[in-house]
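**Q** The structure file my_file-v6.csv (CSV, C-alpha atoms and all ligand atoms) is provided below.
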chain,number,residue,atom,x,y,z
A,1,MET,CA,-5.8,-2.8,9.7
A,2,GLU,CA,-3.5,-0.4,11.4
A,3,VAL,CA,-4.8,2.5,13.4
A,4,VAL,CA,-2.4,5.4,14.0
A,5,VAL,CA,-3.7,8.0,16.5
A,6,VAL,CA,-1.7,11.3,16.1
A,7,PRO,CA,-1.9,14.4,18.4
A,8,THR,CA,-2.8,16.7,15.5
A,9,LYS,CA,-3.8,16.9,11.9
A,10,LYS,CA,-0.3,18.3,11.1
A,11,ASP,CA,1.4,15.3,12.7
A,12,GLY,CA,-0.8,12.9,10.7
A,13,SER,CA,-0.3,14.8,7.4
A,14,GLU,CA,3.5,14.7,7.9
A,15,LEU,CA,3.3,11.0,8.7
A,16,VAL,CA,1.5,10.3,5.5
A,17,GLY,CA,3.6,12.7,3.5
A,18,GLY,CA,6.6,10.7,4.8
A,19,ALA,CA,5.1,7.4,3.7
A,20,ILE,CA,4.5,8.8,0.2
A,21,ALA,CA,8.0,10.2,0.0
A,22,GLU,CA,9.4,6.8,1.1
A,23,LEU,CA,7.3,5.1,-1.6
A,24,LEU,CA,8.5,7.5,-4.3
A,25,THR,CA,12.1,7.1,-3.2
A,26,ARG,CA,11.8,3.3,-3.5
A,27,ASN,CA,9.8,3.5,-6.7
A,28,PRO,CA,9.9,6.8,-8.6
A,29,GLU,CA,7.3,5.5,-11.0
A,30,ALA,CA,4.7,4.9,-8.2
A,31,VAL,CA,1.0,5.4,-8.9
A,32,LEU,CA,-0.7,7.5,-6.3
A,33,GLY,CA,-4.4,7.6,-5.7
A,34,LEU,CA,-5.4,11.2,-4.9
A,35,ALA,CA,-8.4,12.3,-2.9
A,36,THR,CA,-10.2,15.6,-2.7
A,37,GLY,CA,-12.0,17.2,0.2
A,38,SER,CA,-10.3,19.2,3.0
A,39,THR,CA,-8.8,16.2,4.8
A,40,PRO,CA,-5.8,15.5,2.6
A,41,LEU,CA,-4.8,19.1,2.1
A,42,GLY,CA,-2.2,19.0,4.8
A,43,VAL,CA,-0.6,15.9,3.1
A,44,TYR,CA,-0.4,17.8,-0.1
A,45,ASP,CA,1.2,20.8,1.7
A,46,ASP,CA,3.7,18.4,3.2
A,47,LEU,CA,4.5,16.8,-0.2
A,48,VAL,CA,5.0,20.3,-1.7
A,49,ARG,CA,7.4,21.1,1.1
A,50,ARG,CA,9.4,17.9,0.5
A,51,HIS,CA,9.5,18.7,-3.2
A,52,ASN,CA,10.8,22.2,-2.6
A,53,ASP,CA,13.2,21.5,0.3
A,54,ASP,CA,14.3,17.9,-0.2
A,55,GLY,CA,14.0,17.5,-4.0
A,56,LEU,CA,11.2,14.9,-3.8
A,57,SER,CA,10.2,14.3,-7.4
A,58,PHE,CA,6.9,13.2,-9.0
A,59,ALA,CA,8.3,13.4,-12.5
A,60,GLN,CA,8.0,9.7,-13.2
A,61,ALA,CA,5.0,9.1,-11.0
A,62,LYS,CA,1.3,9.0,-12.0
A,63,GLY,CA,-1.8,10.1,-10.2
A,64,PHE,CA,-5.4,9.0,-10.3
A,65,ALA,CA,-8.3,10.9,-8.7
A,66,LEU,CA,-11.0,9.1,-6.9
A,67,ASP,CA,-14.1,10.9,-8.2
A,68,GLU,CA,-15.6,13.7,-10.1
A,69,TYR,CA,-18.9,15.7,-10.1
A,70,LEU,CA,-21.2,15.5,-13.1
A,71,GLY,CA,-22.9,18.6,-14.5
A,72,LEU,CA,-20.3,21.3,-13.6
A,73,PRO,CA,-19.0,23.4,-16.5
A,74,ALA,CA,-15.6,22.3,-17.7
A,75,GLY,CA,-12.9,24.2,-15.8
A,76,HIS,CA,-15.2,24.9,-12.8
A,77,PRO,CA,-12.9,25.6,-9.8
A,78,GLU,CA,-14.7,23.0,-7.7
A,79,SER,CA,-14.6,20.3,-10.2
A,80,TYR,CA,-12.3,17.6,-8.7
A,81,ARG,CA,-10.1,17.8,-11.8
A,82,ALA,CA,-9.5,21.5,-11.0
A,83,VAL,CA,-9.0,20.8,-7.3
A,84,ILE,CA,-6.4,18.1,-7.8
A,85,GLN,CA,-4.5,20.3,-10.3
A,86,ARG,CA,-4.6,23.3,-7.9
A,87,GLU,CA,-3.9,21.5,-4.6
A,88,ILE,CA,-1.2,19.1,-5.7
A,89,ALA,CA,-0.5,18.5,-9.4
A,90,ASP,CA,0.5,22.1,-10.3
A,91,ARG,CA,2.6,22.5,-7.1
A,92,VAL,CA,5.0,19.6,-7.8
A,93,ASP,CA,6.7,18.2,-10.9
A,94,PHE,CA,4.2,15.7,-12.2
A,95,ALA,CA,4.7,15.3,-16.0
A,96,ALA,CA,2.0,16.8,-18.2
A,97,GLY,CA,-0.9,14.3,-18.6
A,98,SER,CA,0.2,12.0,-15.8
A,99,VAL,CA,-2.6,13.0,-13.4
A,100,HIS,CA,-5.9,11.6,-14.3
A,101,GLY,CA,-9.5,11.7,-13.1
A,102,PRO,CA,-12.8,10.2,-14.2
A,103,ASP,CA,-14.2,12.2,-17.2
A,104,GLY,CA,-17.3,13.9,-15.9
A,105,TRP,CA,-17.7,15.7,-19.3
A,106,ALA,CA,-17.7,12.6,-21.5
A,107,ALA,CA,-20.6,12.2,-24.0
A,108,ASP,CA,-20.7,8.5,-23.1
A,109,ILE,CA,-20.5,8.3,-19.3
A,110,ALA,CA,-20.6,4.5,-19.1
A,111,ALA,CA,-17.6,4.3,-21.6
A,112,ALA,CA,-15.7,6.9,-19.5
A,113,CYS,CA,-16.1,4.7,-16.4
A,114,THR,CA,-14.7,1.6,-18.3
A,115,ASP,CA,-11.9,3.7,-19.7
A,116,TYR,CA,-10.9,4.9,-16.3
A,117,GLU,CA,-10.7,1.4,-14.9
A,118,GLU,CA,-8.6,0.5,-17.9
A,119,ALA,CA,-6.3,3.4,-17.5
A,120,ILE,CA,-5.7,2.5,-13.8
A,121,ASP,CA,-4.9,-1.1,-14.9
A,122,ALA,CA,-2.6,0.1,-17.7
A,123,ALA,CA,-0.6,2.1,-15.2
A,124,GLY,CA,-0.1,-1.0,-13.2
A,125,GLY,CA,-2.6,-0.3,-10.5
A,126,ILE,CA,-2.5,2.2,-7.7
A,127,ASP,CA,0.3,1.7,-5.2
A,128,LEU,CA,-1.0,4.0,-2.4
A,129,GLN,CA,-4.5,5.4,-2.2
A,130,ILE,CA,-5.2,8.4,0.0
A,131,LEU,CA,-8.7,8.4,1.3
A,132,GLY,CA,-10.9,10.8,3.3
A,133,VAL,CA,-14.2,9.6,4.7
A,134,GLY,CA,-17.6,11.2,4.6
A,135,THR,CA,-19.6,11.6,7.8
A,136,ASP,CA,-21.8,8.7,6.5
A,137,GLY,CA,-18.8,6.6,5.9
A,138,HIS,CA,-18.5,7.2,2.1
A,139,ILE,CA,-15.2,6.7,0.4
A,140,GLY,CA,-14.6,8.4,-2.9
A,141,PHE,CA,-18.3,9.1,-3.6
A,142,ASN,CA,-19.4,5.6,-2.7
A,143,GLU,CA,-22.5,6.4,-0.7
A,144,PRO,CA,-24.2,3.9,1.7
A,145,ILE,CA,-25.4,0.7,0.0
A,146,SER,CA,-22.6,1.0,-2.6
A,147,SER,CA,-21.6,-2.5,-3.6
A,148,LEU,CA,-18.4,-3.5,-1.9
A,149,ALA,CA,-17.3,-5.0,-5.3
A,150,SER,CA,-18.3,-1.9,-7.4
A,151,LEU,CA,-16.1,-0.4,-10.1
A,152,THR,CA,-16.0,3.2,-11.4
A,153,ARG,CA,-19.6,4.3,-12.2
A,154,ILE,CA,-22.2,7.0,-11.8
A,155,LYS,CA,-23.6,7.6,-8.3
A,156,THR,CA,-26.3,9.8,-6.8
A,157,LEU,CA,-25.2,11.9,-3.8
A,158,THR,CA,-27.2,11.7,-0.6
A,159,GLU,CA,-28.7,14.9,0.8
A,160,GLN,CA,-26.2,14.7,3.7
A,161,THR,CA,-23.2,14.6,1.4
A,162,ARG,CA,-24.5,17.5,-0.7
A,163,GLU,CA,-25.1,19.5,2.5
A,164,ASP,CA,-21.5,18.6,3.7
A,165,ASN,CA,-20.1,19.8,0.4
A,166,ALA,CA,-22.2,22.9,0.0
A,167,ARG,CA,-19.4,24.9,1.7
A,168,PHE,CA,-17.4,24.6,-1.6
A,169,PHE,CA,-20.4,26.0,-3.5
A,170,ASP,CA,-21.1,29.3,-1.6
A,171,ASP,CA,-23.1,27.3,1.0
A,172,ASP,CA,-25.8,27.0,-1.7
A,173,LEU,CA,-27.2,23.5,-1.9
A,174,ALA,CA,-28.7,24.2,-5.3
A,175,GLN,CA,-25.3,24.6,-6.8
A,176,VAL,CA,-24.0,21.2,-5.5
A,177,PRO,CA,-24.3,18.5,-8.2
A,178,THR,CA,-26.6,15.6,-7.6
A,179,HIS,CA,-24.6,13.0,-9.6
A,180,VAL,CA,-20.9,12.0,-9.7
A,181,LEU,CA,-18.5,9.5,-11.1
A,182,THR,CA,-16.5,7.6,-8.6
A,183,GLN,CA,-14.0,4.8,-8.4
A,184,GLY,CA,-16.0,1.9,-6.9
A,185,VAL,CA,-15.3,0.3,-3.5
A,186,GLY,CA,-13.9,-2.7,-5.5
A,187,THR,CA,-11.6,-0.3,-7.5
A,188,ILE,CA,-10.3,1.2,-4.2
A,189,LEU,CA,-9.7,-2.3,-2.7
A,190,ARG,CA,-7.4,-3.1,-5.6
A,191,ALA,CA,-4.9,-0.4,-4.6
A,192,ARG,CA,-1.9,-2.0,-2.8
A,193,HIS,CA,-2.0,0.3,0.3
A,194,LEU,CA,-5.0,2.2,1.5
A,195,VAL,CA,-4.4,5.2,3.8
A,196,LEU,CA,-7.6,6.7,5.2
A,197,LEU,CA,-7.3,10.0,7.1
A,198,ALA,CA,-9.8,11.7,9.4
A,199,TRP,CA,-9.6,14.8,11.5
A,200,GLY,CA,-12.0,16.2,14.0
A,201,GLU,CA,-15.0,15.1,16.1
A,202,ASN,CA,-17.5,15.1,13.2
A,203,LYS,CA,-15.6,12.1,11.8
A,204,ALA,CA,-15.6,10.2,15.1
A,205,GLU,CA,-18.7,8.1,14.4
A,206,ALA,CA,-17.6,7.2,10.9
A,207,ILE,CA,-14.1,6.2,12.2
A,208,GLN,CA,-15.6,4.0,15.0
A,209,ALA,CA,-17.8,2.2,12.4
A,210,THR,CA,-14.9,1.9,9.9
A,211,VAL,CA,-12.5,0.3,12.4
A,212,GLU,CA,-14.7,-1.5,14.9
A,213,GLY,CA,-18.1,-1.9,13.2
A,214,PRO,CA,-19.3,-4.8,11.1
A,215,VAL,CA,-18.4,-4.8,7.4
A,216,THR,CA,-21.5,-3.4,5.7
A,217,SER,CA,-22.3,-1.6,2.5
A,218,MET,CA,-24.3,0.8,4.7
A,219,VAL,CA,-20.9,2.2,5.7
A,220,PRO,CA,-18.6,1.8,2.6
A,221,SER,CA,-15.4,2.7,4.5
A,222,THR,CA,-15.8,-0.6,6.5
A,223,ALA,CA,-14.6,-2.3,3.3
A,224,LEU,CA,-11.1,-1.3,4.5
A,225,GLN,CA,-11.4,-4.3,6.9
A,226,LEU,CA,-11.2,-6.6,3.8
A,227,HIS,CA,-7.9,-5.1,2.6
A,228,PRO,CA,-4.6,-6.6,3.5
A,229,HIS,CA,-2.8,-3.3,3.9
A,230,ALA,CA,-5.0,-0.5,5.3
A,231,THR,CA,-3.8,2.3,7.5
A,232,VAL,CA,-6.2,4.6,9.3
A,233,VAL,CA,-4.6,7.9,10.5
A,234,VAL,CA,-6.7,9.9,12.9
A,235,ASP,CA,-6.3,12.7,15.3
A,236,GLU,CA,-7.5,12.4,18.9
A,237,ALA,CA,-10.9,13.9,18.2
A,238,ALA,CA,-11.6,11.6,15.3
A,239,ALA,CA,-10.4,8.7,17.4
A,240,SER,CA,-12.5,9.7,20.4
A,241,LEU,CA,-15.2,7.0,19.9
A,242,LEU,CA,-12.8,4.1,19.3
A,243,GLY,CA,-13.3,1.5,22.1
A,244,ASP,CA,-9.8,0.1,21.9
A,245,ARG,CA,-8.1,3.5,21.3
A,246,GLU,CA,-5.4,2.9,24.0
A,247,HIS,CA,-4.5,-0.5,22.5
A,248,TYR,CA,-4.0,1.0,19.1
A,249,LYS,CA,-1.8,3.6,20.5
A,250,TRP,CA,0.3,1.1,22.4
A,251,THR,CA,0.6,-1.1,19.3
A,252,TYR,CA,1.8,1.7,17.1
A,253,ALA,CA,4.3,3.0,19.7
A,254,ASN,CA,5.7,-0.5,20.1
A,255,LYS,CA,5.8,-1.8,16.5
A,256,PRO,CA,9.1,-2.9,15.1
A,257,ALA,CA,10.8,0.0,13.4
A,258,TRP,CA,11.4,-2.0,10.1
A,259,GLN,CA,7.6,-2.2,9.6
A,260,GLY,CA,7.0,1.4,8.6
A,261,VAL,CA,3.3,2.2,8.0
B,1,LIG,C1,-16.1,14.2,-0.6
B,1,LIG,C2,-15.1,13.4,-1.4
B,1,LIG,C3,-14.5,12.3,-0.5
B,1,LIG,C4,-14.1,12.9,0.8
B,1,LIG,C5,-15.2,13.5,1.5
B,1,LIG,C6,-14.8,14.1,2.9
B,1,LIG,O1,-17.4,13.8,-0.6
B,1,LIG,N1,-15.7,12.8,-2.5
B,1,LIG,O2,-13.4,11.7,-1.2
B,1,LIG,O3,-13.4,12.0,1.5
B,1,LIG,O4,-15.8,14.5,0.8
B,1,LIG,O5,-14.5,15.4,2.7
B,1,LIG,P1,-13.7,16.3,3.7
B,1,LIG,O6,-12.3,15.7,3.7
B,1,LIG,O7,-13.7,17.6,3.2
B,1,LIG,O8,-14.3,16.1,5.1
What is this file in structure tokens?

**A**
Amino acid sequence: MEVVVVPTKKDGSELVGGAIAELLTRNPEAVLGLATGSTPLGVYDDLVRRHNDDGLSFAQAKGFALDEYLGLPAGHPESYRAVIQREIADRVDFAAGSVHGPDGWAADIAAACTDYEEAIDAAGGIDLQILGVGTDGHIGFNEPISSLASLTRIKTLTEQTREDNARFFDDDLAQVPTHVLTQGVGTILRARHLVLLAWGENKAEAIQATVEGPVTSMVPSTALQLHPHATVVVDEAAASLLGDREHYKWTYANKPAWQGV
């Protein structure tokens, strides 16, 4: 695992935007794993800027969202399908139909989950997966005690996650769905490069556990420790509880230039 401590969210977003731009330049057909939540929004802004100013193209790329709510009306502005369209897909030049998400409106939910796994496989797997992290260490919507080998499936949200996400639903807990579809931890671990981002003090405990805690399904983000290429990009506040913070900073500042992130 590599831990990159950046001064600000903007620095981190530009760093990750740069890594994605480099991937797309090397492989225009790259498959991107897209995350929702507030954390990756700066990365999407950075990619849009690179698209507008530098001609970075997504025309041959594909995107796969991590997760989706169940029970929202189709087209609901807070459905993750709508969020991904609004925040990134519609702002760059992805080809029509090249950005996918789990189908939270399917009549057969179990089949929709299997289909999603198959679609990711058929695309050749995800090259770079962007991840945020919940305050309880969830990735995608894999809440504590999610199997670390899990694939796309239905999950029940914890009260904590529903409260955290109520801000997207008029601060009204009753409007926040109770069930979701999410790529599993095992699905996420199949991506070739995992890039987990976290900003702010309220993510500091989750980041400390992710990086320095024992691997446990109680904190699903600790599964990153099992991945051969995982990068954790955090601002100073999110890094504040890391015991070896200074070592991670020194390591990053002194790594060979050819390594990239
Ligand atoms: C949601 C999403 C996660 C996201 C998490 C953190 O629960 N399903 O993918 O990482 O929230 O959200 P935020 O980035 O807004 O803190």

**Q** As a PyMOL selection string, please: the residues near Arg91 in chain A (cut-off 10 Å, all atoms listed in the file, same-chain neighbours under 5 positions excluded).

**A** chain A and resi 44-45+47-49+51-52+85-86

**Q** To check your reading of the model: which residues sit at most 6 Å from ligand LIG 1 (chain B) when counting all atoms listed in the file? Write the answer as a count of residues only.

**A** 12

**Q** One decimal, Å: what's the distance from CA of His100 in chain A over to CA of Lys155 in chain A, could you say?

**A**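 For CA of His100 in chain A relative to CA of Lys155 in chain A, the distance reads 19.1 Å.
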
**Q** Residues at most 8 Å from range 111-114 of chain A, counting all atoms listed in the file, excluding those fewer than 2 positions away in the same chain, as number ranges by chain?

**A** A: 102-103, 106, 108-109, 116-118, 152-154, 181

**Q** Atoms to include: C-alpha atoms. Write the selected residues as a PDB file, keeping the file's coordinate frame.

**A**
ATOM      1  CA  PRO A 102     -12.800  10.200 -14.200  1.00  0.00           C
ATOM      2  CA  ASP A 103     -14.200  12.200 -17.200  1.00  0.00           C
ATOM      3  CA  ALA A 106     -17.700  12.600 -21.500  1.00  0.00           C
ATOM      4  CA  ASP A 108     -20.700   8.500 -23.100  1.00  0.00           C
ATOM      5  CA  ILE A 109     -20.500   8.300 -19.300  1.00  0.00           C
ATOM      6  CA  TYR A 116     -10.900   4.900 -16.300  1.00  0.00           C
ATOM      7  CA  GLU A 117     -10.700   1.400 -14.900  1.00  0.00           C
ATOM      8  CA  GLU A 118      -8.600   0.500 -17.900  1.00  0.00           C
ATOM      9  CA  THR A 152     -16.000   3.200 -11.400  1.00  0.00           C
ATOM     10  CA  ARG A 153     -19.600   4.300 -12.200  1.00  0.00           C
ATOM     11  CA  ILE A 154     -22.200   7.000 -11.800  1.00  0.00           C
ATOM     12  CA  LEU A 181     -18.500   9.500 -11.100  1.00  0.00           C
TER      13      LEU A 181
END

**Q** Report the closest atom pair, with its distance in Å rounded to one decimal, for each residue of range 83-118 of chain A that has an atom no farther than 8 Å from range 69-79 of chain A; count only C-alpha atoms, sort by chain and then rising residue number, and write it as CSV.

**A**
residue,atom,partner,partner_atom,distance
A:Val83,CA,A:Glu78,CA,6.1
A:Gly104,CA,A:Leu70,CA,5.1
A:Trp105,CA,A:Ala74,CA,7.1

**Q** What separation in Å, quoted to one decimal, exists between CA of Val180 in chain A and CA of Asn142 in chain A?

**A**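 Separation between CA of Val180 in chain A and CA of Asn142 in chain A: 9.6 Å.
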
**Q** Write out as a PyMOL selection string which residues come within 9 Å of Leu23 in chain A when counting all atoms listed in the file, dropping same-chain ones fewer than 5 positions away.

**A** chain A and resi 18+28+30+127-128

**Q** From the list A:Glu87, A:Asp136, A:Glu14, A:Glu163, which residue is nearest Val43 in chain A when using only C-alpha atoms?

**A**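 That would be A:Glu14, the residue with the smallest distance to Val43 in chain A.
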
**Q** For a quick check of your reading of the model, name the residues lying within 8 Å of the coordinate (-8.0, 3.2, 11.9), counting only C-alpha atoms, and write them as number ranges by chain.

**A** A: 1-5, 196, 207, 210-211, 231-234

**Q** Go ahead and write the selection's residues with C-alpha atoms as a tab-separated table (two decimals), in the coordinates of the input.

**A**
chain	number	residue	atom	x	y	z
A	1	MET	CA	-5.80	-2.80	9.70
A	2	GLU	CA	-3.50	-0.40	11.40
A	3	VAL	CA	-4.80	2.50	13.40
A	4	VAL	CA	-2.40	5.40	14.00
A	5	VAL	CA	-3.70	8.00	16.50
A	196	LEU	CA	-7.60	6.70	5.20
A	207	ILE	CA	-14.10	6.20	12.20
A	210	THR	CA	-14.90	1.90	9.90
A	211	VAL	CA	-12.50	0.30	12.40
A	231	THR	CA	-3.80	2.30	7.50
A	232	VAL	CA	-6.20	4.60	9.30
A	233	VAL	CA	-4.60	7.90	10.50
A	234	VAL	CA	-6.70	9.90	12.90

**Q** Just to confirm, what's the straight-line distance from CA of Gly63 in chain A to CA of Ala166 in chain A in Å (one decimal)?

**A**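 Atom-to-atom, CA of Gly63 in chain A to CA of Ala166 in chain A, that is 26.2 Å.
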
**Q** Find the residue from A:Gly200, A:Tyr248, A:Ala19, A:Ser13 that sits nearest to Gly260 in chain A; use only C-alpha atoms when measuring.

**A**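 Selected residue with least distance to Gly260 in chain A: A:Ala19.
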
**Q** Between A:Ile88, A:Asn27, A:Leu32, A:Ala253, which residue has the minimum interatomic distance to Ile130 in chain A, considering only C-alpha atoms?

**A**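 Comparing A:Ile88, A:Asn27, A:Leu32, A:Ala253 against Ile130 in chain A, the winner is A:Leu32.
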
**Q** Find the residue from A:Ser240, A:Thr187, A:Ser147, A:Ser98 that sits nearest to Val219 in chain A; use all atoms listed in the file when measuring.

**A**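 Going through A:Ser240, A:Thr187, A:Ser147, A:Ser98 one by one, the smallest distance to Val219 in chain A is for A:Ser147.
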
**Q** Residues proximal to (2.6, 15.9, -10.8) were defined as those with any atom within 10 Å of that point in the file's coordinates, counting only C-alpha atoms. Which are they, as number ranges by chain?

**A** A: 57-63, 84-85, 88-99

**Q** Nearest residue to Ile145 in chain A out of A:Gln160, A:Asn165, A:Ser217, A:Asn202, using only C-alpha atoms?

**A**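 Closest candidate: A:Ser217.
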
**Q** Between A:Pro220, A:Gly243, A:Gly184, A:Pro177, which one has atoms that come closest to Gln208 in chain A, using all atoms listed in the file?

**A** A:Gly243

**Q** Can you complete the atoms of range 134-162 of chain A to N, CA and C atoms and list them as a tab-separated table (two decimals), keeping the file's coordinate frame?

**A**
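Saved the output as result_30.tsv:
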chain	number	residue	atom	x	y	z
A	134	GLY	N	-16.47	10.35	4.38
A	134	GLY	CA	-17.60	11.20	4.60
A	134	GLY	C	-18.21	10.95	5.99
A	135	THR	N	-19.05	11.85	6.46
A	135	THR	CA	-19.60	11.60	7.80
A	135	THR	C	-20.52	10.39	7.80
A	136	ASP	N	-21.00	9.97	6.61
A	136	ASP	CA	-21.80	8.70	6.50
A	136	ASP	C	-20.96	7.52	6.16
A	137	GLY	N	-19.64	7.68	6.18
A	137	GLY	CA	-18.80	6.60	5.90
A	137	GLY	C	-18.49	6.37	4.39
A	138	HIS	N	-18.84	7.37	3.56
A	138	HIS	CA	-18.50	7.20	2.10
A	138	HIS	C	-17.04	7.36	1.87
A	139	ILE	N	-16.53	6.57	0.93
A	139	ILE	CA	-15.20	6.70	0.40
A	139	ILE	C	-15.25	6.98	-1.05
A	140	GLY	N	-14.38	7.88	-1.57
A	140	GLY	CA	-14.60	8.40	-2.90
A	140	GLY	C	-16.02	9.03	-2.81
A	141	PHE	N	-16.91	8.69	-3.72
A	141	PHE	CA	-18.30	9.10	-3.60
A	141	PHE	C	-19.20	7.86	-3.48
A	142	ASN	N	-18.66	6.79	-2.89
A	142	ASN	CA	-19.40	5.60	-2.70
A	142	ASN	C	-20.32	5.76	-1.47
A	143	GLU	N	-21.55	6.12	-1.73
A	143	GLU	CA	-22.50	6.40	-0.70
A	143	GLU	C	-22.99	5.06	-0.05
A	144	PRO	N	-23.64	5.12	1.13
A	144	PRO	CA	-24.20	3.90	1.70
A	144	PRO	C	-24.99	3.07	0.72
A	145	ILE	N	-24.88	1.78	0.86
A	145	ILE	CA	-25.40	0.70	0.00
A	145	ILE	C	-24.62	0.52	-1.29
A	146	SER	N	-23.48	1.22	-1.44
A	146	SER	CA	-22.60	1.00	-2.60
A	146	SER	C	-22.15	-0.49	-2.51
A	147	SER	N	-22.18	-1.18	-3.62
A	147	SER	CA	-21.60	-2.50	-3.60
A	147	SER	C	-20.17	-2.50	-3.22
A	148	LEU	N	-19.79	-3.44	-2.37
A	148	LEU	CA	-18.40	-3.50	-1.90
A	148	LEU	C	-17.49	-4.04	-3.06
A	149	ALA	N	-18.11	-4.51	-4.16
A	149	ALA	CA	-17.30	-5.00	-5.30
A	149	ALA	C	-17.43	-4.00	-6.48
A	150	SER	N	-18.03	-2.83	-6.26
A	150	SER	CA	-18.30	-1.90	-7.40
A	150	SER	C	-17.03	-1.37	-8.02
A	151	LEU	N	-17.17	-1.06	-9.32
A	151	LEU	CA	-16.10	-0.40	-10.10
A	151	LEU	C	-16.54	1.01	-10.41
A	152	THR	N	-15.71	1.75	-11.13
A	152	THR	CA	-16.00	3.20	-11.40
A	152	THR	C	-17.38	3.25	-12.16
A	153	ARG	N	-18.22	4.15	-11.64
A	153	ARG	CA	-19.60	4.30	-12.20
A	153	ARG	C	-20.21	5.57	-11.73
A	154	ILE	N	-21.42	5.82	-12.22
A	154	ILE	CA	-22.20	7.00	-11.80
A	154	ILE	C	-22.87	6.71	-10.48
A	155	LYS	N	-22.91	7.70	-9.60
A	155	LYS	CA	-23.60	7.60	-8.30
A	155	LYS	C	-24.45	8.83	-8.08
A	156	THR	N	-25.46	8.67	-7.24
A	156	THR	CA	-26.30	9.80	-6.80
A	156	THR	C	-25.88	10.16	-5.39
A	157	LEU	N	-25.64	11.44	-5.15
A	157	LEU	CA	-25.20	11.90	-3.80
A	157	LEU	C	-26.42	11.88	-2.85
A	158	THR	N	-26.15	11.59	-1.61
A	158	THR	CA	-27.20	11.70	-0.60
A	158	THR	C	-27.32	13.23	-0.24
A	159	GLU	N	-28.44	13.56	0.35
A	159	GLU	CA	-28.70	14.90	0.80
A	159	GLU	C	-27.59	15.35	1.78
A	160	GLN	N	-27.23	14.41	2.67
A	160	GLN	CA	-26.20	14.70	3.70
A	160	GLN	C	-24.88	15.10	3.05
A	161	THR	N	-24.45	14.34	2.05
A	161	THR	CA	-23.20	14.60	1.40
A	161	THR	C	-23.25	15.97	0.66
A	162	ARG	N	-24.38	16.22	0.02
A	162	ARG	CA	-24.50	17.50	-0.70
A	162	ARG	C	-24.49	18.66	0.30
